[in-house]
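Heads up: the structure comes next, in structure tokens.
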Amino acid sequence: MALVLKNVSYTFTNKGNQSNKVISELSMQVNRGEFVSLIGKSGTGKSTILKLVTGLLTQDEGEISIDGKPISLGDVGYMPQRDLLLPWRSILDNIIISAEFRKDLQITREEARHWLNRVGLIEYENALPKQLSGGMRQRAAFLRALLTGKDLLLLDEPFGALDALTKREMQAWLLSIWQELNKTVLFITHDLEEACFLSDRIILLHPNKKVEKINVDLPRPRFPELLHSTELAGLRHELEKKIANETD
Ligand SMILES: Nc1ncnc2c1ncn2[C@@H]1O[C@H](COP(=O)(O)OP(=O)(O)OP(=O)(O)O)[C@@H](O)[C@H]1O
């Protein structure tokens, strides 16, 4: 067992004291080594769930734990929707930033270079973020989350802004790294095909705050040919229908 959310609720209160209960009595679990995707219409609270799990936000009610211990800031590797790379630091210095704040974490520059090489960014180790394309920045932001050394990675729409081909490449290397390093991943996407292709399970958030848990019974390892299979197309279609029929 890895991450458990039990009866979690969260309400945003705006300046005018208007409140918006975004998460209501949510219970869900992500097991060690699993790849789980969160899907649902815009505004159903996907990013809020990730922020609660990181500890950036604190739930009003309920419990969030990792291996039975209440979560605290810094327990997970987090890749937010916007990459938030520091514009004045080189790519290499951006990806090893966690080691500067944590005594328990040693990342050598050699190790960081190994990873830059793995994702095709070694030639950019000394470049500034603004010199990289969107896809390259996403890869750097992913490495920064990976090099926190945490088992649980929270990835908020990491490939949302990429063209279809780059997205395919990134999905393939994400799966290879996930398998090789035995990570646990909680992933947000609006791309239903992507959710089916990558995940063991999908958690669908409904606008009425209910959640639906869907198993993805597709074989692993996953190869790109699977994207053309009737099984994947059938599951994607099923999800599409569930989401399309919803009203707020
Ligand atoms: N800082 C904030 N202050 C007030 N309301 C917020 C804040 N952040 C998010 N919300 C509101 O909470 C709700 C859920 O937002 P959240 O970003 O978690 O949804 P989401 O499912 O991730 O959406 P999307 O798919 O568009 O990224 C929305 O109604 C949003 O307007």
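Ligands are numbered from 1 in the order shown, chains are lettered A, B, ... in the order of the structure tokens, and residues start at 1 in each chain.
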Can you tell me which residues sit at most 9 Å away from ligand 1, counting only C-alpha atoms and all ligand atoms, written as a PDB file with N, CA and C atoms, in the first residue's frame?
ATOM      1  N   THR A  11     -12.249  22.922   0.663  1.00  0.00           N
ATOM      2  CA  THR A  11     -13.031  24.065   0.172  1.00  0.00           C
ATOM      3  C   THR A  11     -12.107  25.256  -0.037  1.00  0.00           C
ATOM      4  N   PHE A  12     -12.189  25.869  -1.228  1.00  0.00           N
ATOM      5  CA  PHE A  12     -11.479  27.130  -1.457  1.00  0.00           C
ATOM      6  C   PHE A  12     -12.379  28.258  -0.980  1.00  0.00           C
ATOM      7  N   THR A  13     -11.798  29.220  -0.268  1.00  0.00           N
ATOM      8  CA  THR A  13     -12.573  30.405   0.095  1.00  0.00           C
ATOM      9  C   THR A  13     -11.932  31.605  -0.585  1.00  0.00           C
ATOM     10  N   ASN A  14     -12.721  32.305  -1.390  1.00  0.00           N
ATOM     11  CA  ASN A  14     -12.175  33.442  -2.126  1.00  0.00           C
ATOM     12  C   ASN A  14     -12.249  34.717  -1.294  1.00  0.00           C
ATOM     13  N   LYS A  15     -11.659  35.794  -1.845  1.00  0.00           N
ATOM     14  CA  LYS A  15     -11.567  37.055  -1.093  1.00  0.00           C
ATOM     15  C   LYS A  15     -12.938  37.538  -0.621  1.00  0.00           C
ATOM     16  N   SER A  19     -17.348  30.491  -0.856  1.00  0.00           N
ATOM     17  CA  SER A  19     -16.633  29.224  -0.738  1.00  0.00           C
ATOM     18  C   SER A  19     -17.024  28.262  -1.860  1.00  0.00           C
ATOM     19  N   ASN A  20     -16.075  27.425  -2.206  1.00  0.00           N
ATOM     20  CA  ASN A  20     -16.254  26.471  -3.297  1.00  0.00           C
ATOM     21  C   ASN A  20     -15.700  25.124  -2.824  1.00  0.00           C
ATOM     22  N   LYS A  21     -16.623  24.226  -2.480  1.00  0.00           N
ATOM     23  CA  LYS A  21     -16.163  22.906  -2.018  1.00  0.00           C
ATOM     24  C   LYS A  21     -15.779  22.094  -3.249  1.00  0.00           C
ATOM     25  N   VAL A  22     -14.491  21.907  -3.402  1.00  0.00           N
ATOM     26  CA  VAL A  22     -13.976  21.294  -4.618  1.00  0.00           C
ATOM     27  C   VAL A  22     -13.861  19.772  -4.463  1.00  0.00           C
ATOM     28  N   ILE A  23     -13.448  19.349  -3.273  1.00  0.00           N
ATOM     29  CA  ILE A  23     -13.290  17.914  -3.002  1.00  0.00           C
ATOM     30  C   ILE A  23     -14.204  17.569  -1.833  1.00  0.00           C
ATOM     31  N   LEU A  38      -5.724  10.363 -13.111  1.00  0.00           N
ATOM     32  CA  LEU A  38      -6.924  11.089 -12.695  1.00  0.00           C
ATOM     33  C   LEU A  38      -7.466  11.786 -13.930  1.00  0.00           C
ATOM     34  N   ILE A  39      -8.724  11.540 -14.244  1.00  0.00           N
ATOM     35  CA  ILE A  39      -9.337  12.238 -15.375  1.00  0.00           C
ATOM     36  C   ILE A  39     -10.652  12.864 -14.908  1.00  0.00           C
ATOM     37  N   GLY A  40     -11.208  13.715 -15.748  1.00  0.00           N
ATOM     38  CA  GLY A  40     -12.469  14.365 -15.397  1.00  0.00           C
ATOM     39  C   GLY A  40     -12.500  15.738 -16.025  1.00  0.00           C
ATOM     40  N   LYS A  41     -13.700  16.272 -16.136  1.00  0.00           N
ATOM     41  CA  LYS A  41     -13.844  17.593 -16.758  1.00  0.00           C
ATOM     42  C   LYS A  41     -13.029  18.644 -16.026  1.00  0.00           C
ATOM     43  N   SER A  42     -12.775  19.745 -16.714  1.00  0.00           N
ATOM     44  CA  SER A  42     -12.055  20.859 -16.123  1.00  0.00           C
ATOM     45  C   SER A  42     -12.803  21.334 -14.877  1.00  0.00           C
ATOM     46  N   GLY A  43     -12.056  21.570 -13.809  1.00  0.00           N
ATOM     47  CA  GLY A  43     -12.673  22.098 -12.590  1.00  0.00           C
ATOM     48  C   GLY A  43     -13.164  21.031 -11.618  1.00  0.00           C
ATOM     49  N   THR A  44     -12.955  19.755 -11.938  1.00  0.00           N
ATOM     50  CA  THR A  44     -13.433  18.705 -11.021  1.00  0.00           C
ATOM     51  C   THR A  44     -12.471  18.464  -9.853  1.00  0.00           C
ATOM     52  N   GLY A  45     -11.329  19.167  -9.853  1.00  0.00           N
ATOM     53  CA  GLY A  45     -10.475  19.118  -8.657  1.00  0.00           C
ATOM     54  C   GLY A  45      -9.227  18.251  -8.788  1.00  0.00           C
ATOM     55  N   LYS A  46      -8.836  17.923 -10.004  1.00  0.00           N
ATOM     56  CA  LYS A  46      -7.679  17.019 -10.186  1.00  0.00           C
ATOM     57  C   LYS A  46      -6.391  17.654  -9.626  1.00  0.00           C
ATOM     58  N   SER A  47      -6.125  18.901 -10.049  1.00  0.00           N
ATOM     59  CA  SER A  47      -4.890  19.550  -9.570  1.00  0.00           C
ATOM     60  C   SER A  47      -4.948  19.779  -8.065  1.00  0.00           C
ATOM     61  N   THR A  48      -6.148  20.057  -7.561  1.00  0.00           N
ATOM     62  CA  THR A  48      -6.281  20.273  -6.111  1.00  0.00           C
ATOM     63  C   THR A  48      -5.903  18.999  -5.353  1.00  0.00           C
ATOM     64  N   ILE A  49      -6.292  17.849  -5.877  1.00  0.00           N
ATOM     65  CA  ILE A  49      -5.933  16.585  -5.212  1.00  0.00           C
ATOM     66  C   ILE A  49      -4.405  16.453  -5.141  1.00  0.00           C
ATOM     67  N   LEU A  50      -3.740  16.750  -6.251  1.00  0.00           N
ATOM     68  CA  LEU A  50      -2.270  16.645  -6.244  1.00  0.00           C
ATOM     69  C   LEU A  50      -1.657  17.613  -5.236  1.00  0.00           C
ATOM     70  N   LYS A  51      -2.213  18.827  -5.173  1.00  0.00           N
ATOM     71  CA  LYS A  51      -1.647  19.809  -4.228  1.00  0.00           C
ATOM     72  C   LYS A  51      -1.887  19.366  -2.777  1.00  0.00           C
ATOM     73  N   GLN A  81       1.592  21.749 -13.270  1.00  0.00           N
ATOM     74  CA  GLN A  81       1.139  21.984 -14.646  1.00  0.00           C
ATOM     75  C   GLN A  81       2.090  22.925 -15.397  1.00  0.00           C
ATOM     76  N   ASP A 156       1.231  16.501 -13.120  1.00  0.00           N
ATOM     77  CA  ASP A 156       0.009  17.228 -13.477  1.00  0.00           C
ATOM     78  C   ASP A 156       0.043  17.598 -14.955  1.00  0.00           C
ATOM     79  N   GLU A 157      -0.642  16.849 -15.757  1.00  0.00           N
ATOM     80  CA  GLU A 157      -0.721  17.074 -17.211  1.00  0.00           C
ATOM     81  C   GLU A 157       0.638  17.354 -17.840  1.00  0.00           C
ATOM     82  N   ILE A 188      -2.167  13.246 -14.083  1.00  0.00           N
ATOM     83  CA  ILE A 188      -3.392  13.918 -14.548  1.00  0.00           C
ATOM     84  C   ILE A 188      -3.316  14.090 -16.058  1.00  0.00           C
ATOM     85  N   THR A 189      -4.404  13.778 -16.726  1.00  0.00           N
ATOM     86  CA  THR A 189      -4.457  14.045 -18.163  1.00  0.00           C
ATOM     87  C   THR A 189      -5.891  14.305 -18.601  1.00  0.00           C
ATOM     88  N   HIS A 190      -6.015  15.087 -19.690  1.00  0.00           N
ATOM     89  CA  HIS A 190      -7.328  15.244 -20.339  1.00  0.00           C
ATOM     90  C   HIS A 190      -7.423  14.322 -21.537  1.00  0.00           C
ATOM     91  N   LEU A 205     -13.176  11.665 -12.015  1.00  0.00           N
ATOM     92  CA  LEU A 205     -13.838  12.587 -11.079  1.00  0.00           C
ATOM     93  C   LEU A 205     -15.056  13.174 -11.778  1.00  0.00           C
TER      94      LEU A 205
END
Checklist entry - Got a sec: who's within 7 Å of region 25-32 of chain A, counting only C-alpha atoms, leaving out chain neighbours fewer than 4 positions off, as a PyMOL selection string? => result chain A and resi 1-9+36+184
Dump N, CA and C atoms for the selected residues as a PDB file, in the first residue's frame?
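Output file selection28.pdb follows:
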ATOM      1  N   MET A   1       0.837  -1.202   0.000  1.00  0.00           N
ATOM      2  CA  MET A   1       0.000   0.000   0.000  1.00  0.00           C
ATOM      3  C   MET A   1       0.873   1.254   0.000  1.00  0.00           C
ATOM      4  N   ALA A   2       0.558   2.235  -0.834  1.00  0.00           N
ATOM      5  CA  ALA A   2       1.383   3.447  -0.849  1.00  0.00           C
ATOM      6  C   ALA A   2       0.577   4.658  -0.378  1.00  0.00           C
ATOM      7  N   LEU A   3      -0.197   5.234  -1.265  1.00  0.00           N
ATOM      8  CA  LEU A   3      -0.898   6.483  -0.943  1.00  0.00           C
ATOM      9  C   LEU A   3      -2.379   6.207  -0.670  1.00  0.00           C
ATOM     10  N   VAL A   4      -2.866   6.716   0.459  1.00  0.00           N
ATOM     11  CA  VAL A   4      -4.285   6.526   0.784  1.00  0.00           C
ATOM     12  C   VAL A   4      -4.927   7.871   1.127  1.00  0.00           C
ATOM     13  N   LEU A   5      -6.048   8.169   0.476  1.00  0.00           N
ATOM     14  CA  LEU A   5      -6.856   9.340   0.840  1.00  0.00           C
ATOM     15  C   LEU A   5      -8.163   8.806   1.396  1.00  0.00           C
ATOM     16  N   LYS A   6      -8.528   9.281   2.591  1.00  0.00           N
ATOM     17  CA  LYS A   6      -9.716   8.756   3.251  1.00  0.00           C
ATOM     18  C   LYS A   6     -10.653   9.898   3.611  1.00  0.00           C
ATOM     19  N   ASN A   7     -11.807   9.913   2.990  1.00  0.00           N
ATOM     20  CA  ASN A   7     -12.838  10.932   3.277  1.00  0.00           C
ATOM     21  C   ASN A   7     -12.308  12.363   3.262  1.00  0.00           C
ATOM     22  N   VAL A   8     -11.551  12.676   2.232  1.00  0.00           N
ATOM     23  CA  VAL A   8     -10.902  13.992   2.169  1.00  0.00           C
ATOM     24  C   VAL A   8     -11.842  15.043   1.576  1.00  0.00           C
ATOM     25  N   SER A   9     -11.929  16.185   2.234  1.00  0.00           N
ATOM     26  CA  SER A   9     -12.709  17.315   1.708  1.00  0.00           C
ATOM     27  C   SER A   9     -11.836  18.563   1.703  1.00  0.00           C
ATOM     28  N   VAL A  36      -1.500   5.329 -11.933  1.00  0.00           N
ATOM     29  CA  VAL A  36      -2.921   5.673 -11.856  1.00  0.00           C
ATOM     30  C   VAL A  36      -3.135   7.051 -12.468  1.00  0.00           C
ATOM     31  N   THR A 184       5.915   4.853  -8.273  1.00  0.00           N
ATOM     32  CA  THR A 184       4.458   4.882  -8.215  1.00  0.00           C
ATOM     33  C   THR A 184       4.049   6.225  -8.816  1.00  0.00           C
TER      34      THR A 184
END
Within 12 Å of region 104-125 of chain A, which residues of region 33-91 of chain A come that close, and what is the closest atom pair and distance in Å for each? Count only C-alpha atoms and give it as JSON lines.
{"residue": "A:Gly74", "atom": "CA", "partner": "A:Leu105", "partner_atom": "CA", "distance": 11.8}
{"residue": "A:Arg89", "atom": "CA", "partner": "A:Glu125", "partner_atom": "CA", "distance": 10.3}
{"residue": "A:Ser90", "atom": "CA", "partner": "A:Glu125", "partner_atom": "CA", "distance": 6.5}
{"residue": "A:Ile91", "atom": "CA", "partner": "A:Glu125", "partner_atom": "CA", "distance": 5.2}
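Considering the residues A:Met170, A:Leu232, A:Leu128, A:Ala99 and counting only C-alpha atoms, Pro219 (chain A) has its shortest atom-to-atom contact with A:Leu232.
Residue nearest Glu63 (chain A), chosen from A:Val185, A:Leu175, A:Tyr10, A:Met79 and counting only C-alpha atoms: A:Tyr10.
Rounded to one decimal, CA of Leu152 (chain A) and CA of Val76 (chain A) lie 5.3 Å from each other.
Residues surrounding Leu227 (chain A) within 9 Å are Glu193, Glu194, Cys196, Phe197, Phe223, Pro224, Thr230, Leu232 and Ala233 of chain A [only C-alpha atoms; sequence separation below 3 positions excluded].
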Next on the checklist: What parts of region 2-207 of chain A does DSSP call strand (DSSP E or B)? I'd like the answer as number ranges by chain.
Outcome noted: A: 3-13, 19-30, 35-40, 61-66, 69-70, 77-79, 152-156, 184-188, 201-205
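Atom pair CA of Asn94 (chain A) / CA of Met136 (chain A) has a distance of 12.9 Å (rounded to one decimal).
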Region 112-153 of chain A near region 161-167 of chain A within 12 Å: what's each residue's closest atom pair and its distance in Å to one decimal, counting only C-alpha atoms, ordered by chain then ascending residue number, as JSON lines?
{"residue": "A:Val119", "atom": "CA", "partner": "A:Thr166", "partner_atom": "CA", "distance": 12.0}
{"residue": "A:Ser133", "atom": "CA", "partner": "A:Leu162", "partner_atom": "CA", "distance": 9.9}
{"residue": "A:Gly134", "atom": "CA", "partner": "A:Leu162", "partner_atom": "CA", "distance": 7.1}
{"residue": "A:Gly135", "atom": "CA", "partner": "A:Leu162", "partner_atom": "CA", "distance": 6.2}
{"residue": "A:Met136", "atom": "CA", "partner": "A:Thr166", "partner_atom": "CA", "distance": 9.7}
{"residue": "A:Arg137", "atom": "CA", "partner": "A:Leu162", "partner_atom": "CA", "distance": 10.8}
{"residue": "A:Gln138", "atom": "CA", "partner": "A:Leu162", "partner_atom": "CA", "distance": 9.1}
{"residue": "A:Arg139", "atom": "CA", "partner": "A:Thr166", "partner_atom": "CA", "distance": 10.8}
